[in-house]
Protein chains: 2
Amino acid sequence: MTRVELYDATLRDGMGSGGLSLTAEEKVRLVHRLDDLGIDLIEAGFPASNPKEAELFSLLEHEPLEHATIASFGMTRRRGVLASEDAGLRVLADCFAPVCTIVGKTWTLHVEKVVRATRQENLAMIAESVAFLVAQGKRVIFDAEHVFDGLLADHDYAIACLRAAADAGAQRLALCDTNGPSLPSQVAAAVADVASALPGVALGIHCHDDGGCAVANSMMAVEAGATQVQGTINGIGERTGNTNLITIIANLQLKLGHRVVSDEQLQRLTETAHFADELLNRQPDAAQPYVGKHAFAHKAGLHAAGIRADATTFEHIDPALVGNRRDLLVSELSGRGTVTDKAESAGLALDDEVTSRVLERMKALEHGGYQFEAADGSFELLLRKEAGQYEPLFRLESWRVIVEQRADGKVETEATIKIWVDGERYVRTAEGNGPVNALDAALRAAITQTHPHLSDIWLTNFKVRILDETKGSGATIRVLIESTDGEDEWGSIGVSTNLIGASWMALVDSLEYAEQPNRLRGRATA
Amino acid sequence: MTRVELYDATLRDGMGSGGLSLTAEEKVRLVHRLDDLGIDLIEAGFPASNPKEAELFSLLEHEPLEHATIASFGMTRRRGVLASEDAGLRVLADCFAPVCTIVGKTWTLHVEKVVRATRQENLAMIAESVAFLVAQGKRVIFDAEHVFDGLLADHDYAIACLRAAADAGAQRLALCDTNGPSLPSQVAAAVADVASALPGVALGIHCHDDGGCAVANSMMAVEAGATQVQGTINGIGERTGNTNLITIIANLQLKLGHRVVSDEQLQRLTETAHFADELLNRQPDAAQPYVGKHAFAHKAGLHAAGIRADATTFEHIDPALVGNRRDLLVSELSGRGTVTDKAESAGLALDDEVTSRVLERMKALEHGGYQFEAADGSFELLLRKEAGQYEPLFRLESWRVIVEQRADGKVETEATIKIWVDGERYVRTAEGNGPVNALDAALRAAITQTHPHLSDIWLTNFKVRILDETKGSGATIRVLIESTDGEDEWGSIGVSTNLIGASWMALVDSLEYAEQPNRLRGRATA
């Protein structure tokens with residue numbers, strides 16, 4: 001069986017989704033997770049479409065990856081320009097990325113109405129663009145946009161476009177169902193058709209979920225001969241989204257016997273999916289195949305009894321294979337392993353009793369809205385508390401925040417904090433740009449009297465999520481704060497119905513974690 | 001082409017989804033919507049599994065439906081009992097519903113481990129149960145549970161089970177992929193296999209989304225000969241959910257040329273999907289095929305230009321066919337055309353000068369951290385302001401929020417607001433669960449004096465994002481608020497270095513938008 005290549009388009013196509021955006025640094029963090037998961041190719045975007053993209057590529061150039069290759073993304077040359085003089089193609093040629101994915105037209109409707117080129121000119125645009133990049137030493141993937149529509153509209157012309165790319169040296173042709181109109185049987189037939197028209201040419205598949213069939217279409221394409229699947233983490237993307245790479249990985253490996261990632265990488269599937277959602281501030285879909293919170297949940301009664309008799313009676317796969325767990329019967333094994341591993345990295349040896357207590361406590365906290373996946377700092381503090389190796393940084397007496405917009409339109413914020421450190425009472429008031437900033441400033445004004453190096457910690461991000469959406473502004477709120485000392489990075493969490501209360505908890509955890517000895521190394525240096 | 005029957009299982013199987021429940025009366029409301037949509041069969045549940053179900057059936061008995069038929073749901077008789085003496089079957093026989101769906105085993109693993117019956121006994125259970133209900137004058141649908149696993153485990157036995165049901169008079173055999181393990185090509189092959197083993201027997205398909213292929217599997221089954229699709233509205237259901245009937249209806253009618261509902265009914269698709277979410281208190285999935293808010297949203301400049309040239313270039317169907325609408329996401333990448341289109345939908349005619357001003361203003365605001373993609377409410381207010389068609393709701397004098405954690409550990413929040421409406425000064429103080437909640441409460445306490453219906457607006461979500469991460473808690477903050485009046489939904493935005501200041505802006509926009517005349521109608525009435 002030819003190995004199926006995994007091509008991630010989260011950083012580019014995935015960002016087409018309404019309201020999503022990531023900074024260049026967040027994208028780099030995601031790239032590392034994708035690399036860890038065993039993704040083969042990571043499409044990072046067009047290297048110069050704006051300063052943010054340019055920054056991303058300059059960061060990526062020096063980022064050491066275990067396995068993945070970075071691909072840049074662009075399009076065929078413009079009409080009436082030499083490929084070697086096309087500004088876009090030159091950017092791709094000059095970019096460090098060894099793989100270039102260029103999108104080109106194969107659907108006569110687009111050639112006529114969008115590009116407004118002759119059919120012959122479009123063929124030349126494809127061939128010359130591919131040839132130029134190949135001559136520059138790049139591996140070229142030709143993304144055949146709208147090719148399924150193209151094959152229906154003018155079969156021979158669409159094939160001619162694909163052949164032009166292949167003949168010019170494209171290493172692979174990715175068949176794109178760009179508008180997402182196709183159904184599985186149509187995709188299967190079209191891929192088989194292209195494979196027989198262009199024997200020996202490596203094919204890929206790129207689908208959108210407009211008919212709710214992106215994953216299925218991609219599976220059918222693989223069965224019909226495609227050896228690369230393009231998709232995004234959690235299926236994010238413009239409109240209804242792209243092929244969900246998370247689902248594809250599990251389907252290919254567990255259902256069709258393809259070996260796309262290692263067993264250990266497969267076990268990171270759930271964690272990777274949740275990491276991406278956290279980074280994007282998206283509510284994870286509890287019903288998401290394989291990795292959703294409810295994916296292996298079982299109602300009481302018949303099903304649960306069946307599960308106890310033999311899990312295969314009511315479960316299509318063992319949830320541990322993808323790092324998920326059964327919901328009703330709390331799987332202590334996967335949880336226990338994680339806790340032990342985390343404790344070890346923190347230099348803590350937990351006995352069985354403490355591990356059980358940690359699991360109990362986690363279960364209760366997660367039930368209340370905590371989520372430790374992106375809050376490694378708070379999680380380590382929890383381990384230390386249960387292991388009896390925790391020293392509070394201070395004892396709180398009280399805090400107060402006042403934010404006011406005055407009659408002159410100016411908004412002012414002031415926080416006052418009263419804490420005890422080593423038997424000494426500290427009362428400090430600070431102004432700030434906002435309530436968390438002011439609280440942070442007041443707390444540090446007090447705490448740096450005894451812990452001066454805590455002034456070197458800064459908050460890099462915080463995220464707020466309403467947990468029970470139907471309760472509107474009266475709901476439980478989860479605040480995640482990310483902090484750094486310039487080397488290490490960590491996350492901390494607070495949960496409360498009060499936004500400031502939750503922020504305060506996360507703020508305190510952030511600073512307390514900074515003070516822990518042998519603390520877990522963050523993502524940046526992992 | 002044999003007409004494909006639509007079978008809705010939302011009221012029973014759909015309720016297996018975590019945290020969902022409906023009262024009997026809500027279920028009746030949904031039944032009417034399903035009837036209006038053109039659903040053929042509505043599975044209402046087991047008529048006596050609890051008093052709520054019994055109440056539902058007694059209500060349904062007298063409910064006039066245009067088109068749909070109610071089906072009751074049960075299972076084959078217990079081991080070692082006469083069908084006529086099986087309590088469950090007697091309930092089905094006594095119920096008014098003319099159609100009975102009974103589930104039975106076809107997978108040897110379940111026969112042995114769950115039912116613990118001999119294979120022969122299981123065949124008798126199927127045959128006798130079907131025969132009993134047929135003799136009582138019922139149309140019987142036999143739900144062949146786990147039949148795809150059954151065919152793989154012991155093909156001939158699974159076929160024997162199906163034949164037993166057909167021979168006993170079952171009007172239809174529904175092939176159920178109960179645990180959801182199957183992929184489209186497997187379903188296609190199995191359905192074709194059953195169709196050839198049991199020629200002339202009407203088949204149905206019932207899938208779950210564990211592999212992300214429920215819709216595709218159902219489509220493949222129809223292409224292989226199934227003439228009934230079972231599913232739920234929006235795909236709700238246990239674990240990862242059932243086949244999404246909303247997607248299936250559109251796919252069958254618009255992609256495969258089946259006539260499952262009328263054109264007018266198809267136009268109710270979006271409204272029906274949203275109604276069900278509303279009833280179930282679920283956040284509608286913006287990325288849901290056909291009916292999601294983003295299903296026909298376009299972002300990139302290139303795409304948006306193509307759409308204006310010819311919608312078929314970038315849209316797989318006309319959104320109006322399913323009662324949805326095109327949504328051009330306002331973003332840095334798009335330009336003048338998008339603004340004009342948005343203004344038109346809001347009933348505003350902008351001249352060139354105003355359009356240019358709007359673009360200038362947007363550019364400046366987006367540079368400062370605004371993002372209008374998810375803030376359609378604020379964007380329309382911006383249009384109105386620039387077009388000179390904006391009336392502020394009130395004049396602000398000042399507001400103040402105090403949040404404090406007292407020495408006893410309790411966190412308290414209080415907001416005071418001073419505003420002027422129609423020359424009158426209103427000063428109101430309110431407590432809240434958090435600062436936004438308290439501000440919201442104080443503002444409404446004032447504003448509902450003159451605009452009482454604004455008490456019907458509620459906030460459904462808010463999101464907070466730090467824009468310039470390197471500035472930590474001193475950075476610019478973007479707050480997005482989503483609001484609804486139960487029918488329409490809109491987003492509003494605030495950007496400030498102050499979290500509370502940004503929330504305040506978004507809050508004011510949310511309420512001001514609610515007061516605009518001719519505001520963009522939501523999906524429910526589009």
# chains A, B, ... in the order shown; residues from 1 in each chain; ligands from 1
>>> calpha_fit_rmsd(fixed="chain A", moving="chain B")
6.7 Å
>>> select_by_dssp(residues="segment 41-246 of chain B", states="helix (DSSP H, G or I)", output="ChimeraX atom specification")
/B:51-60,83-85,87-94,108-115,119-135,147-153,155-167,184-197,214-223,233-235,245-246
>>> atom_distance(atom1="atom CA of Glu512 of chain A", atom2="atom CA of Leu393 of chain A")
6.1 Å
>>> atom_distance(atom1="atom CA of Arg361 of chain A", atom2="atom CA of Leu382 of chain A")
8.5 Å
>>> closest_residue(among="A:Cys100, A:Ile249, A:Leu383, A:Val134", to="chain B", atoms="only C-alpha atoms")
A:Ile249
>>> residues_around(residues="segment 190-196 of chain B", least_positions_apart="3", cutoff="9 Å", atoms="only C-alpha atoms", output="ChimeraX atom specification")
/B:148,151,159,162,175,185-187,199-203,205,220-222,224-226
>>> write_last_selection(atoms="all heavy atoms", output="compact mmCIF listing (two decimals), in the first residue's frame")
# COMPACT_ATOMS: atom_id res chain seq x y z
N PHE B 148 -24.18 -3.91 9.83
CA PHE B 148 -22.93 -3.88 9.04
C PHE B 148 -21.83 -4.69 9.73
O PHE B 148 -21.09 -5.41 9.07
CB PHE B 148 -22.50 -2.43 8.76
CG PHE B 148 -23.51 -1.70 7.92
CD1 PHE B 148 -24.53 -0.94 8.50
CD2 PHE B 148 -23.48 -1.81 6.53
CE1 PHE B 148 -25.48 -0.29 7.72
CE2 PHE B 148 -24.43 -1.17 5.74
CZ PHE B 148 -25.44 -0.41 6.34
N LEU B 151 -22.93 -8.37 9.19
CA LEU B 151 -22.58 -8.93 7.88
C LEU B 151 -21.11 -9.32 7.81
O LEU B 151 -20.75 -10.31 7.17
CB LEU B 151 -22.91 -7.93 6.77
CG LEU B 151 -24.42 -7.77 6.47
CD1 LEU B 151 -24.68 -6.48 5.69
CD2 LEU B 151 -24.96 -8.98 5.71
N ILE B 159 -28.00 -12.06 7.12
CA ILE B 159 -29.00 -12.10 6.05
C ILE B 159 -30.23 -12.90 6.51
O ILE B 159 -31.39 -12.51 6.25
CB ILE B 159 -28.41 -12.73 4.76
CG1 ILE B 159 -27.28 -11.84 4.19
CG2 ILE B 159 -29.51 -12.99 3.71
CD1 ILE B 159 -27.74 -10.53 3.54
N LEU B 162 -32.43 -10.69 8.56
CA LEU B 162 -33.16 -9.74 7.72
C LEU B 162 -34.30 -10.46 7.01
O LEU B 162 -35.43 -9.96 6.93
CB LEU B 162 -32.21 -9.12 6.69
CG LEU B 162 -31.14 -8.18 7.26
CD1 LEU B 162 -30.09 -7.84 6.20
CD2 LEU B 162 -31.78 -6.89 7.79
N LEU B 175 -31.29 -0.68 7.68
CA LEU B 175 -29.95 -1.18 7.99
C LEU B 175 -29.25 -0.16 8.88
O LEU B 175 -29.06 1.00 8.49
CB LEU B 175 -29.18 -1.41 6.69
CG LEU B 175 -29.91 -2.27 5.65
CD1 LEU B 175 -29.07 -2.44 4.37
CD2 LEU B 175 -30.28 -3.65 6.22
N SER B 185 -17.60 3.33 1.30
CA SER B 185 -17.50 2.22 0.34
C SER B 185 -18.00 0.92 0.96
O SER B 185 -18.58 0.08 0.28
CB SER B 185 -16.05 2.08 -0.14
OG SER B 185 -15.18 1.96 0.96
N GLN B 186 -17.79 0.75 2.26
CA GLN B 186 -18.27 -0.44 2.95
C GLN B 186 -19.80 -0.46 3.00
O GLN B 186 -20.43 -1.50 2.78
CB GLN B 186 -17.70 -0.49 4.37
CG GLN B 186 -16.17 -0.62 4.40
CD GLN B 186 -15.56 -0.23 5.73
OE1 GLN B 186 -16.20 0.41 6.57
NE2 GLN B 186 -14.28 -0.59 5.91
N VAL B 187 -20.38 0.71 3.29
CA VAL B 187 -21.85 0.78 3.34
C VAL B 187 -22.43 0.49 1.96
O VAL B 187 -23.40 -0.27 1.81
CB VAL B 187 -22.31 2.16 3.86
CG1 VAL B 187 -23.81 2.35 3.67
CG2 VAL B 187 -21.95 2.30 5.33
N PRO B 199 -34.13 -9.60 -2.92
CA PRO B 199 -34.68 -8.76 -3.99
C PRO B 199 -36.13 -8.37 -3.69
O PRO B 199 -36.90 -9.17 -3.16
CB PRO B 199 -34.58 -9.64 -5.23
CG PRO B 199 -34.43 -11.04 -4.72
CD PRO B 199 -33.75 -10.95 -3.40
N GLY B 200 -36.46 -7.13 -4.01
CA GLY B 200 -37.83 -6.68 -3.81
C GLY B 200 -38.15 -6.21 -2.41
O GLY B 200 -39.24 -5.70 -2.16
N VAL B 201 -37.22 -6.34 -1.48
CA VAL B 201 -37.47 -5.88 -0.11
C VAL B 201 -37.04 -4.42 0.02
O VAL B 201 -35.93 -4.06 -0.38
CB VAL B 201 -36.69 -6.76 0.90
CG1 VAL B 201 -36.85 -6.21 2.31
CG2 VAL B 201 -37.19 -8.21 0.83
N ALA B 202 -37.94 -3.58 0.55
CA ALA B 202 -37.61 -2.16 0.70
C ALA B 202 -36.60 -1.99 1.84
O ALA B 202 -36.78 -2.53 2.93
CB ALA B 202 -38.87 -1.36 1.00
N LEU B 203 -35.54 -1.21 1.57
CA LEU B 203 -34.49 -1.01 2.56
C LEU B 203 -34.43 0.44 3.03
O LEU B 203 -34.81 1.36 2.30
CB LEU B 203 -33.13 -1.40 1.97
CG LEU B 203 -32.98 -2.85 1.48
CD1 LEU B 203 -31.59 -3.08 0.89
CD2 LEU B 203 -33.26 -3.84 2.62
N ILE B 205 -31.81 3.19 5.68
CA ILE B 205 -30.44 3.33 6.19
C ILE B 205 -30.46 4.22 7.43
O ILE B 205 -31.13 5.25 7.46
CB ILE B 205 -29.49 3.88 5.10
CG1 ILE B 205 -28.04 3.98 5.60
CG2 ILE B 205 -29.95 5.24 4.57
CD1 ILE B 205 -27.33 2.66 5.73
N MET B 220 -24.56 7.07 0.05
CA MET B 220 -24.09 5.88 -0.67
C MET B 220 -25.13 4.77 -0.61
O MET B 220 -25.33 4.03 -1.58
CB MET B 220 -22.77 5.37 -0.06
CG MET B 220 -21.61 6.32 -0.21
SD MET B 220 -21.14 6.66 -1.93
CE MET B 220 -20.13 5.24 -2.26
N ALA B 221 -25.79 4.65 0.55
CA ALA B 221 -26.82 3.62 0.70
C ALA B 221 -27.97 3.88 -0.27
O ALA B 221 -28.51 2.95 -0.87
CB ALA B 221 -27.31 3.58 2.14
N VAL B 222 -28.34 5.15 -0.40
CA VAL B 222 -29.43 5.48 -1.32
C VAL B 222 -29.01 5.13 -2.76
O VAL B 222 -29.77 4.53 -3.52
CB VAL B 222 -29.82 6.98 -1.21
CG1 VAL B 222 -30.73 7.39 -2.36
CG2 VAL B 222 -30.49 7.24 0.13
N ALA B 224 -27.07 2.89 -3.57
CA ALA B 224 -27.01 1.42 -3.68
C ALA B 224 -28.38 0.78 -3.55
O ALA B 224 -28.49 -0.45 -3.58
CB ALA B 224 -26.06 0.86 -2.62
N GLY B 225 -29.43 1.58 -3.36
CA GLY B 225 -30.77 1.00 -3.38
C GLY B 225 -31.66 1.24 -2.18
O GLY B 225 -32.84 0.88 -2.21
N ALA B 226 -31.16 1.85 -1.12
CA ALA B 226 -32.01 2.14 0.03
C ALA B 226 -33.02 3.23 -0.36
O ALA B 226 -32.68 4.16 -1.08
CB ALA B 226 -31.18 2.60 1.22
>>> closest_residue(among="A:Asn217, A:Thr240, A:Ser356, A:Thr484", to="chain B", atoms="only C-alpha atoms")
A:Thr240
